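Q: Quick one: the structure is below, questions incoming.
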Amino acid sequence: MQGVFSVEDLSAADPVIDAVLRASRALVAVAARSLAQAAADVTLPQYRALVLLAGRGSQSLADLAHTLGVNPSTATRMCDRLVSKRLVRRRTVPGDRRQVSLNLTEAGRELVDEVSDARRKEIAAIVGAIPASRRSHVITALDAFSAAAGELAEEDWAAGWSL
């Protein structure tokens, strides 16, 4: 079965898993610092929801919950907080008042921009410390990792901004 390690393969994957864990700790630290700089009272999970709305455009609550990997009730509480902070807006879907779509507000989009800019600057400094001859290997590895995780490519993610 593709994507699942057998017991024999797992020990061979340990160095890869360890390397990804180290990189993820570094990236989580960058994410936390960039979000803290924005001086917004937004948690990392709430910010992840904002990023998904920015990248994928309007979402139903069920779709957002599924993408975030949380229960709909958890997504509802998260969105309630984001609506009260005026970062997300709820709209009923024309023709079906029971269906609600979630969209970023201008303030939500500005927050995502601000945090993304801060994150980009810090990541640029980190990448600058990697020898130029090794950067293509980093690109290949991170692209493979992102694709396996189901993350959108940068050009596809950015397309959501015009929605």
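Letters for chains follow the order of the structure tokens (A, B, ...), residue numbers begin at 1 for each chain, and ligand numbers begin at 1 in the order shown.
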Identify, with DSSP run on backbone atoms, the residues in chain A assigned to helix (DSSP H, G or I), and express the list as a CSV table (one decimal) with N, CA, C and O atoms, in the first residue's frame.

A:
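Saved the output as result-v9.csv:
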```
chain,number,residue,atom,x,y,z
A,7,VAL,N,6.8,-2.4,8.9
A,7,VAL,CA,7.7,-2.4,10.1
A,7,VAL,C,9.2,-2.4,9.6
A,7,VAL,O,10.0,-1.7,10.2
A,8,GLU,N,9.5,-3.1,8.6
A,8,GLU,CA,10.9,-3.1,8.1
A,8,GLU,C,11.3,-1.8,7.5
A,8,GLU,O,12.4,-1.3,7.7
A,9,ASP,N,10.3,-1.1,6.8
A,9,ASP,CA,10.6,0.2,6.2
A,9,ASP,C,10.8,1.3,7.2
A,9,ASP,O,11.5,2.3,7.0
A,10,LEU,N,10.1,1.1,8.4
A,10,LEU,CA,10.0,2.2,9.4
A,10,LEU,C,11.4,2.5,9.9
A,10,LEU,O,11.8,3.7,10.0
A,11,SER,N,12.2,1.5,10.2
A,11,SER,CA,13.6,1.8,10.7
A,11,SER,C,14.4,2.5,9.6
A,11,SER,O,15.2,3.4,10.0
A,12,ALA,N,14.2,2.2,8.4
A,12,ALA,CA,14.9,2.9,7.3
A,12,ALA,C,14.5,4.4,7.2
A,12,ALA,O,15.2,5.2,6.7
A,13,ALA,N,13.2,4.6,7.5
A,13,ALA,CA,12.7,6.0,7.4
A,13,ALA,C,13.0,6.8,8.6
A,13,ALA,O,12.8,8.0,8.6
A,14,ASP,N,13.5,6.2,9.7
A,14,ASP,CA,13.8,7.0,10.9
A,14,ASP,C,14.6,8.3,10.7
A,14,ASP,O,14.3,9.3,11.2
A,15,PRO,N,15.7,8.2,9.9
A,15,PRO,CA,16.4,9.5,9.7
A,15,PRO,C,15.6,10.5,8.9
A,15,PRO,O,15.8,11.7,9.2
A,16,VAL,N,14.8,10.1,8.0
A,16,VAL,CA,13.9,11.1,7.3
A,16,VAL,C,12.9,11.7,8.3
A,16,VAL,O,12.7,12.9,8.3
A,17,ILE,N,12.3,10.8,9.1
A,17,ILE,CA,11.3,11.3,10.1
A,17,ILE,C,11.9,12.2,11.0
A,17,ILE,O,11.4,13.3,11.4
A,18,ASP,N,13.1,11.9,11.5
A,18,ASP,CA,13.8,12.7,12.5
A,18,ASP,C,14.2,14.1,11.8
A,18,ASP,O,14.0,15.1,12.5
A,19,ALA,N,14.6,14.1,10.6
A,19,ALA,CA,14.9,15.3,9.9
A,19,ALA,C,13.7,16.2,9.7
A,19,ALA,O,13.7,17.4,9.9
A,20,VAL,N,12.6,15.6,9.4
A,20,VAL,CA,11.3,16.3,9.2
A,20,VAL,C,10.8,16.9,10.5
A,20,VAL,O,10.4,18.0,10.6
A,21,LEU,N,11.0,16.1,11.6
A,21,LEU,CA,10.6,16.6,12.9
A,21,LEU,C,11.4,17.8,13.3
A,21,LEU,O,10.9,18.8,13.9
A,22,ARG,N,12.7,17.8,13.1
A,22,ARG,CA,13.6,18.9,13.4
A,22,ARG,C,13.2,20.1,12.6
A,22,ARG,O,13.0,21.2,13.1
A,23,ALA,N,12.9,19.9,11.3
A,23,ALA,CA,12.5,21.0,10.4
A,23,ALA,C,11.2,21.6,10.9
A,23,ALA,O,10.9,22.8,10.9
A,24,SER,N,10.3,20.7,11.3
A,24,SER,CA,8.9,21.1,11.7
A,24,SER,C,9.0,21.9,13.0
A,24,SER,O,8.3,22.9,13.1
A,25,ARG,N,9.9,21.6,13.9
A,25,ARG,CA,10.1,22.4,15.1
A,25,ARG,C,10.6,23.8,14.7
A,25,ARG,O,10.1,24.8,15.3
A,26,ALA,N,11.5,23.9,13.8
A,26,ALA,CA,12.0,25.2,13.4
A,26,ALA,C,10.9,26.0,12.7
A,26,ALA,O,10.8,27.2,13.0
A,27,LEU,N,10.1,25.4,11.9
A,27,LEU,CA,9.0,26.1,11.2
A,27,LEU,C,7.9,26.5,12.1
A,27,LEU,O,7.3,27.6,12.0
A,28,VAL,N,7.6,25.7,13.1
A,28,VAL,CA,6.6,26.0,14.1
A,28,VAL,C,7.1,27.3,14.9
A,28,VAL,O,6.3,28.2,15.2
A,29,ALA,N,8.4,27.3,15.2
A,29,ALA,CA,8.9,28.4,15.9
A,29,ALA,C,8.8,29.7,15.1
A,29,ALA,O,8.4,30.8,15.5
A,30,VAL,N,9.1,29.6,13.8
A,30,VAL,CA,9.0,30.7,12.9
A,30,VAL,C,7.5,31.2,12.8
A,30,VAL,O,7.2,32.4,12.9
A,31,ALA,N,6.6,30.2,12.7
A,31,ALA,CA,5.2,30.5,12.6
A,31,ALA,C,4.7,31.2,13.9
A,31,ALA,O,4.0,32.2,13.8
A,32,ALA,N,5.2,30.7,15.0
A,32,ALA,CA,4.7,31.4,16.3
A,32,ALA,C,5.3,32.8,16.4
A,32,ALA,O,4.6,33.7,16.8
A,33,ARG,N,6.6,33.0,16.1
A,33,ARG,CA,7.1,34.3,16.1
A,33,ARG,C,6.5,35.3,15.2
A,33,ARG,O,6.2,36.4,15.5
A,34,SER,N,6.2,34.8,14.0
A,34,SER,CA,5.6,35.7,13.0
A,34,SER,C,4.1,36.1,13.4
A,34,SER,O,3.7,37.2,13.2
A,35,LEU,N,3.4,35.2,14.0
A,35,LEU,CA,2.1,35.4,14.5
A,35,LEU,C,2.1,36.4,15.7
A,35,LEU,O,1.3,37.3,15.8
A,36,ALA,N,3.1,36.2,16.6
A,36,ALA,CA,3.2,37.0,17.8
A,36,ALA,C,3.5,38.5,17.3
A,36,ALA,O,3.1,39.4,18.0
A,37,GLN,N,4.3,38.7,16.3
A,37,GLN,CA,4.7,40.0,15.8
A,37,GLN,C,3.5,40.8,15.3
A,37,GLN,O,3.4,42.0,15.3
A,44,LEU,N,-2.5,29.7,16.7
A,44,LEU,CA,-2.0,29.0,15.5
A,44,LEU,C,-3.1,28.3,14.8
A,44,LEU,O,-3.2,28.4,13.6
A,45,PRO,N,-4.0,27.5,15.5
A,45,PRO,CA,-5.1,26.8,14.8
A,45,PRO,C,-6.0,27.8,14.1
A,45,PRO,O,-6.5,27.6,13.0
A,46,GLN,N,-6.3,28.9,14.8
A,46,GLN,CA,-7.2,29.9,14.2
A,46,GLN,C,-6.5,30.5,12.9
A,46,GLN,O,-7.1,30.7,11.9
A,47,TYR,N,-5.2,30.8,13.0
A,47,TYR,CA,-4.4,31.3,11.9
A,47,TYR,C,-4.5,30.3,10.7
A,47,TYR,O,-4.6,30.7,9.6
A,48,ARG,N,-4.3,29.0,11.0
A,48,ARG,CA,-4.4,28.0,10.0
A,48,ARG,C,-5.7,28.1,9.2
A,48,ARG,O,-5.8,28.0,8.0
A,49,ALA,N,-6.8,28.3,10.0
A,49,ALA,CA,-8.1,28.4,9.3
A,49,ALA,C,-8.1,29.7,8.4
A,49,ALA,O,-8.6,29.6,7.3
A,50,LEU,N,-7.5,30.8,8.9
A,50,LEU,CA,-7.5,32.0,8.1
A,50,LEU,C,-6.7,31.7,6.8
A,50,LEU,O,-7.1,32.1,5.7
A,51,VAL,N,-5.6,31.0,6.9
A,51,VAL,CA,-4.7,30.7,5.8
A,51,VAL,C,-5.5,29.8,4.8
A,51,VAL,O,-5.4,30.0,3.5
A,52,LEU,N,-6.3,28.8,5.3
A,52,LEU,CA,-7.0,28.0,4.4
A,52,LEU,C,-8.1,28.8,3.6
A,52,LEU,O,-8.3,28.6,2.4
A,53,LEU,N,-8.8,29.7,4.3
A,53,LEU,CA,-9.7,30.6,3.7
A,53,LEU,C,-9.1,31.5,2.7
A,53,LEU,O,-9.6,31.7,1.6
A,54,ALA,N,-7.9,32.0,3.0
A,54,ALA,CA,-7.2,32.8,2.0
A,54,ALA,C,-6.8,32.1,0.8
A,54,ALA,O,-6.9,32.6,-0.3
A,55,GLY,N,-6.3,30.8,1.0
A,55,GLY,CA,-5.8,30.1,-0.1
A,55,GLY,C,-6.8,29.4,-0.9
A,55,GLY,O,-6.7,29.2,-2.2
A,56,ARG,N,-7.9,28.9,-0.3
A,56,ARG,CA,-8.9,28.2,-1.0
A,56,ARG,C,-10.2,28.9,-1.3
A,56,ARG,O,-11.1,28.4,-1.9
A,61,LEU,N,-18.6,25.4,6.5
A,61,LEU,CA,-18.0,25.1,7.8
A,61,LEU,C,-17.6,23.6,7.8
A,61,LEU,O,-16.5,23.3,8.3
A,62,ALA,N,-18.4,22.7,7.2
A,62,ALA,CA,-18.1,21.3,7.1
A,62,ALA,C,-16.8,21.1,6.3
A,62,ALA,O,-15.9,20.3,6.8
A,63,ASP,N,-16.6,21.8,5.2
A,63,ASP,CA,-15.4,21.7,4.4
A,63,ASP,C,-14.1,22.2,5.2
A,63,ASP,O,-13.1,21.5,5.2
A,64,LEU,N,-14.3,23.3,5.9
A,64,LEU,CA,-13.2,23.8,6.7
A,64,LEU,C,-12.8,22.9,7.8
A,64,LEU,O,-11.7,22.6,8.0
A,65,ALA,N,-13.8,22.3,8.5
A,65,ALA,CA,-13.6,21.4,9.6
A,65,ALA,C,-12.9,20.2,9.1
A,65,ALA,O,-11.9,19.7,9.7
A,66,HIS,N,-13.3,19.7,7.9
A,66,HIS,CA,-12.7,18.5,7.3
A,66,HIS,C,-11.2,18.8,7.0
A,66,HIS,O,-10.3,18.0,7.3
A,67,THR,N,-10.9,19.9,6.3
A,67,THR,CA,-9.6,20.3,5.9
A,67,THR,C,-8.7,20.5,7.2
A,67,THR,O,-7.5,20.1,7.1
A,68,LEU,N,-9.2,21.1,8.2
A,68,LEU,CA,-8.5,21.3,9.4
A,68,LEU,C,-8.3,20.0,10.3
A,68,LEU,O,-7.5,19.9,11.2
A,72,PRO,N,-16.9,19.4,13.4
A,72,PRO,CA,-17.6,20.6,13.0
A,72,PRO,C,-17.9,21.5,14.2
A,72,PRO,O,-17.8,22.7,14.1
A,73,SER,N,-18.1,21.0,15.4
A,73,SER,CA,-18.4,21.8,16.6
A,73,SER,C,-17.1,22.6,17.0
A,73,SER,O,-17.2,23.8,17.4
A,74,THR,N,-15.9,22.0,16.8
A,74,THR,CA,-14.7,22.7,17.1
A,74,THR,C,-14.5,23.8,16.1
A,74,THR,O,-14.1,24.9,16.4
A,75,ALA,N,-14.8,23.5,14.8
A,75,ALA,CA,-14.6,24.5,13.8
A,75,ALA,C,-15.6,25.7,14.0
A,75,ALA,O,-15.3,26.8,13.7
A,76,THR,N,-16.8,25.3,14.5
A,76,THR,CA,-17.8,26.4,14.7
A,76,THR,C,-17.3,27.3,15.8
A,76,THR,O,-17.4,28.5,15.7
A,77,ARG,N,-16.8,26.8,16.9
A,77,ARG,CA,-16.3,27.6,18.0
A,77,ARG,C,-15.1,28.5,17.5
A,77,ARG,O,-15.1,29.7,17.8
A,78,MET,N,-14.3,27.9,16.7
A,78,MET,CA,-13.1,28.6,16.2
A,78,MET,C,-13.6,29.8,15.3
A,78,MET,O,-13.2,30.9,15.4
A,79,CYS,N,-14.6,29.5,14.4
A,79,CYS,CA,-15.1,30.5,13.5
A,79,CYS,C,-15.9,31.6,14.3
A,79,CYS,O,-15.8,32.8,13.9
A,80,ASP,N,-16.6,31.2,15.3
A,80,ASP,CA,-17.3,32.2,16.2
A,80,ASP,C,-16.3,33.2,16.7
A,80,ASP,O,-16.5,34.4,16.7
A,81,ARG,N,-15.1,32.7,17.2
A,81,ARG,CA,-14.1,33.6,17.7
A,81,ARG,C,-13.5,34.5,16.6
A,81,ARG,O,-13.3,35.7,16.8
A,82,LEU,N,-13.3,33.9,15.4
A,82,LEU,CA,-12.8,34.7,14.3
A,82,LEU,C,-13.8,35.7,13.8
A,82,LEU,O,-13.4,36.8,13.3
A,83,VAL,N,-15.1,35.4,13.8
A,83,VAL,CA,-16.1,36.3,13.4
A,83,VAL,C,-16.1,37.5,14.4
A,83,VAL,O,-16.2,38.6,14.0
A,84,SER,N,-16.1,37.1,15.7
A,84,SER,CA,-16.1,38.2,16.7
A,84,SER,C,-14.9,39.1,16.6
A,84,SER,O,-15.0,40.3,17.0
A,106,GLU,N,-11.6,41.9,5.1
A,106,GLU,CA,-10.4,42.6,4.7
A,106,GLU,C,-9.4,42.6,5.9
A,106,GLU,O,-8.2,42.4,5.6
A,107,ALA,N,-9.8,42.7,7.1
A,107,ALA,CA,-8.9,42.6,8.3
A,107,ALA,C,-8.3,41.2,8.3
A,107,ALA,O,-7.1,41.1,8.7
A,108,GLY,N,-9.0,40.2,8.0
A,108,GLY,CA,-8.4,38.8,8.0
A,108,GLY,C,-7.4,38.6,6.9
A,108,GLY,O,-6.3,38.1,7.2
A,109,ARG,N,-7.7,39.2,5.8
A,109,ARG,CA,-6.7,39.1,4.7
A,109,ARG,C,-5.5,39.9,5.0
A,109,ARG,O,-4.3,39.5,4.7
A,110,GLU,N,-5.6,41.1,5.6
A,110,GLU,CA,-4.5,41.9,6.0
A,110,GLU,C,-3.6,41.2,7.1
A,110,GLU,O,-2.4,41.2,7.0
A,111,LEU,N,-4.3,40.5,8.0
A,111,LEU,CA,-3.5,39.7,9.0
A,111,LEU,C,-2.7,38.6,8.4
A,111,LEU,O,-1.5,38.4,8.7
A,112,VAL,N,-3.3,37.9,7.4
A,112,VAL,CA,-2.6,36.8,6.7
A,112,VAL,C,-1.4,37.4,6.0
A,112,VAL,O,-0.3,36.8,6.0
A,113,ASP,N,-1.6,38.5,5.3
A,113,ASP,CA,-0.6,39.2,4.6
A,113,ASP,C,0.6,39.6,5.5
A,113,ASP,O,1.8,39.3,5.2
A,114,GLU,N,0.2,40.2,6.6
A,114,GLU,CA,1.3,40.7,7.6
A,114,GLU,C,2.1,39.5,8.2
A,114,GLU,O,3.3,39.5,8.2
A,115,VAL,N,1.4,38.4,8.6
A,115,VAL,CA,2.1,37.3,9.2
A,115,VAL,C,2.9,36.6,8.1
A,115,VAL,O,4.0,36.2,8.3
A,116,SER,N,2.3,36.5,6.9
A,116,SER,CA,3.1,35.8,5.8
A,116,SER,C,4.3,36.6,5.4
A,116,SER,O,5.4,36.0,5.2
A,117,ASP,N,4.2,37.9,5.4
A,117,ASP,CA,5.4,38.7,5.1
A,117,ASP,C,6.5,38.5,6.2
A,117,ASP,O,7.7,38.4,5.8
A,118,ALA,N,6.1,38.5,7.4
A,118,ALA,CA,7.1,38.3,8.5
A,118,ALA,C,7.7,36.9,8.4
A,118,ALA,O,8.9,36.8,8.6
A,119,ARG,N,6.9,35.9,8.1
A,119,ARG,CA,7.4,34.6,8.0
A,119,ARG,C,8.3,34.4,6.8
A,119,ARG,O,9.4,33.8,6.9
A,120,ARG,N,8.0,35.1,5.7
A,120,ARG,CA,8.8,35.0,4.5
A,120,ARG,C,10.2,35.6,4.8
A,120,ARG,O,11.2,35.1,4.4
A,121,LYS,N,10.2,36.7,5.5
A,121,LYS,CA,11.5,37.4,5.8
A,121,LYS,C,12.4,36.5,6.7
A,121,LYS,O,13.6,36.3,6.5
A,122,GLU,N,11.8,35.9,7.7
A,122,GLU,CA,12.6,35.0,8.6
A,122,GLU,C,13.0,33.7,7.9
A,122,GLU,O,14.2,33.3,8.0
A,123,ILE,N,12.2,33.2,7.1
A,123,ILE,CA,12.5,32.0,6.3
A,123,ILE,C,13.6,32.3,5.3
A,123,ILE,O,14.6,31.6,5.1
A,124,ALA,N,13.6,33.5,4.7
A,124,ALA,CA,14.6,34.0,3.8
A,124,ALA,C,16.0,34.0,4.5
A,124,ALA,O,17.0,33.6,3.9
A,125,ALA,N,16.0,34.5,5.7
A,125,ALA,CA,17.2,34.5,6.5
A,125,ALA,C,17.8,33.1,6.7
A,125,ALA,O,19.0,32.9,6.6
A,126,ILE,N,16.9,32.2,7.0
A,126,ILE,CA,17.3,30.8,7.3
A,126,ILE,C,17.8,30.2,6.0
A,126,ILE,O,18.9,29.6,6.0
A,127,VAL,N,17.1,30.4,4.9
A,127,VAL,CA,17.5,29.8,3.6
A,127,VAL,C,18.8,30.4,3.2
A,127,VAL,O,19.7,29.7,2.6
A,128,GLY,N,19.0,31.7,3.5
A,128,GLY,CA,20.3,32.3,3.2
A,128,GLY,C,21.5,31.7,3.9
A,128,GLY,O,22.6,31.8,3.4
A,132,ALA,N,24.3,27.7,-1.3
A,132,ALA,CA,23.6,27.8,-2.5
A,132,ALA,C,23.6,26.4,-3.3
A,132,ALA,O,22.6,26.1,-3.9
A,133,SER,N,24.7,25.7,-3.2
A,133,SER,CA,24.8,24.4,-3.9
A,133,SER,C,23.8,23.4,-3.3
A,133,SER,O,23.5,22.4,-4.0
A,134,ARG,N,23.3,23.6,-2.1
A,134,ARG,CA,22.4,22.6,-1.5
A,134,ARG,C,20.9,23.0,-1.6
A,134,ARG,O,20.0,22.2,-1.3
A,135,ARG,N,20.6,24.2,-2.1
A,135,ARG,CA,19.2,24.7,-2.0
A,135,ARG,C,18.3,23.9,-3.0
A,135,ARG,O,17.1,23.7,-2.7
A,136,SER,N,18.8,23.5,-4.1
A,136,SER,CA,17.9,22.7,-5.0
A,136,SER,C,17.5,21.4,-4.4
A,136,SER,O,16.3,20.9,-4.6
A,137,HIS,N,18.3,20.8,-3.5
A,137,HIS,CA,17.9,19.6,-2.8
A,137,HIS,C,16.8,19.9,-1.8
A,137,HIS,O,15.9,19.1,-1.6
A,138,VAL,N,16.9,21.1,-1.1
A,138,VAL,CA,15.9,21.5,-0.2
A,138,VAL,C,14.6,21.7,-0.9
A,138,VAL,O,13.5,21.2,-0.4
A,139,ILE,N,14.6,22.3,-2.1
A,139,ILE,CA,13.4,22.5,-2.8
A,139,ILE,C,12.7,21.2,-3.2
A,139,ILE,O,11.5,21.0,-3.0
A,140,THR,N,13.5,20.3,-3.7
A,140,THR,CA,13.0,19.0,-4.1
A,140,THR,C,12.4,18.2,-2.9
A,140,THR,O,11.2,17.7,-3.0
A,141,ALA,N,13.1,18.2,-1.8
A,141,ALA,CA,12.6,17.5,-0.6
A,141,ALA,C,11.3,18.2,-0.1
A,141,ALA,O,10.3,17.5,0.2
A,142,LEU,N,11.3,19.5,0.0
A,142,LEU,CA,10.1,20.2,0.6
A,142,LEU,C,8.9,20.1,-0.3
A,142,LEU,O,7.8,20.0,0.1
A,143,ASP,N,9.2,20.2,-1.6
A,143,ASP,CA,8.0,20.0,-2.6
A,143,ASP,C,7.4,18.6,-2.5
A,143,ASP,O,6.2,18.5,-2.5
A,144,ALA,N,8.3,17.6,-2.3
A,144,ALA,CA,7.7,16.2,-2.2
A,144,ALA,C,7.0,16.1,-0.9
A,144,ALA,O,5.9,15.5,-0.8
A,145,PHE,N,7.5,16.6,0.2
A,145,PHE,CA,6.8,16.6,1.5
A,145,PHE,C,5.5,17.3,1.4
A,145,PHE,O,4.5,16.8,1.9
A,146,SER,N,5.5,18.5,0.9
A,146,SER,CA,4.2,19.3,0.8
A,146,SER,C,3.2,18.6,0.0
A,146,SER,O,2.0,18.5,0.3
A,147,ALA,N,3.6,18.0,-1.2
A,147,ALA,CA,2.7,17.3,-2.0
A,147,ALA,C,2.1,16.1,-1.3
A,147,ALA,O,0.9,15.8,-1.3
A,148,ALA,N,2.9,15.3,-0.6
A,148,ALA,CA,2.5,14.2,0.2
A,148,ALA,C,1.5,14.6,1.3
A,148,ALA,O,0.6,13.8,1.6
A,149,ALA,N,1.7,15.8,1.8
A,149,ALA,CA,0.8,16.3,2.9
A,149,ALA,C,-0.5,16.9,2.4
A,149,ALA,O,-1.4,17.3,3.1
A,154,GLU,N,2.3,26.8,-4.4
A,154,GLU,CA,2.3,28.3,-4.2
A,154,GLU,C,1.4,29.0,-5.2
A,154,GLU,O,0.6,29.8,-4.8
A,155,GLU,N,1.5,28.6,-6.5
A,155,GLU,CA,0.7,29.3,-7.5
A,155,GLU,C,-0.8,29.0,-7.3
A,155,GLU,O,-1.7,29.8,-7.5
A,156,ASP,N,-1.1,27.8,-6.9
A,156,ASP,CA,-2.5,27.4,-6.6
A,156,ASP,C,-3.1,28.1,-5.3
A,156,ASP,O,-4.2,28.5,-5.3
A,157,TRP,N,-2.2,28.1,-4.3
A,157,TRP,CA,-2.6,28.8,-3.1
A,157,TRP,C,-2.8,30.3,-3.3
A,157,TRP,O,-3.8,30.8,-2.9
A,158,ALA,N,-2.0,30.9,-4.0
A,158,ALA,CA,-2.1,32.3,-4.3
A,158,ALA,C,-3.3,32.6,-5.1
A,158,ALA,O,-3.9,33.7,-5.0
A,159,ALA,N,-3.8,31.7,-5.9
A,159,ALA,CA,-5.0,31.9,-6.8
A,159,ALA,C,-6.2,32.2,-5.9
A,159,ALA,O,-7.1,32.9,-6.3
A,160,GLY,N,-6.2,31.7,-4.7
A,160,GLY,CA,-7.4,31.9,-3.8
A,160,GLY,C,-7.5,33.3,-3.4
A,160,GLY,O,-8.6,33.7,-3.0
A,161,TRP,N,-6.5,34.1,-3.5
A,161,TRP,CA,-6.5,35.5,-3.0
A,161,TRP,C,-7.4,36.3,-3.9
A,161,TRP,O,-7.9,37.3,-3.5
A,162,SER,N,-7.6,35.9,-5.2
A,162,SER,CA,-8.4,36.7,-6.0
A,162,SER,C,-9.9,36.4,-6.0
A,162,SER,O,-10.7,36.9,-6.7
```

Q: Write out as a count of residues only the set of residues from chain A that DSSP, computed on the backbone, places in strand (DSSP E or B).

A: 17

Q: One decimal, in Å: what's the spacing between atom CA of A:Gln59 and atom CA of A:Arg86?

A: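 Between atom CA of A:Gln59 and atom CA of A:Arg86 the gap works out to 16.6 Å.
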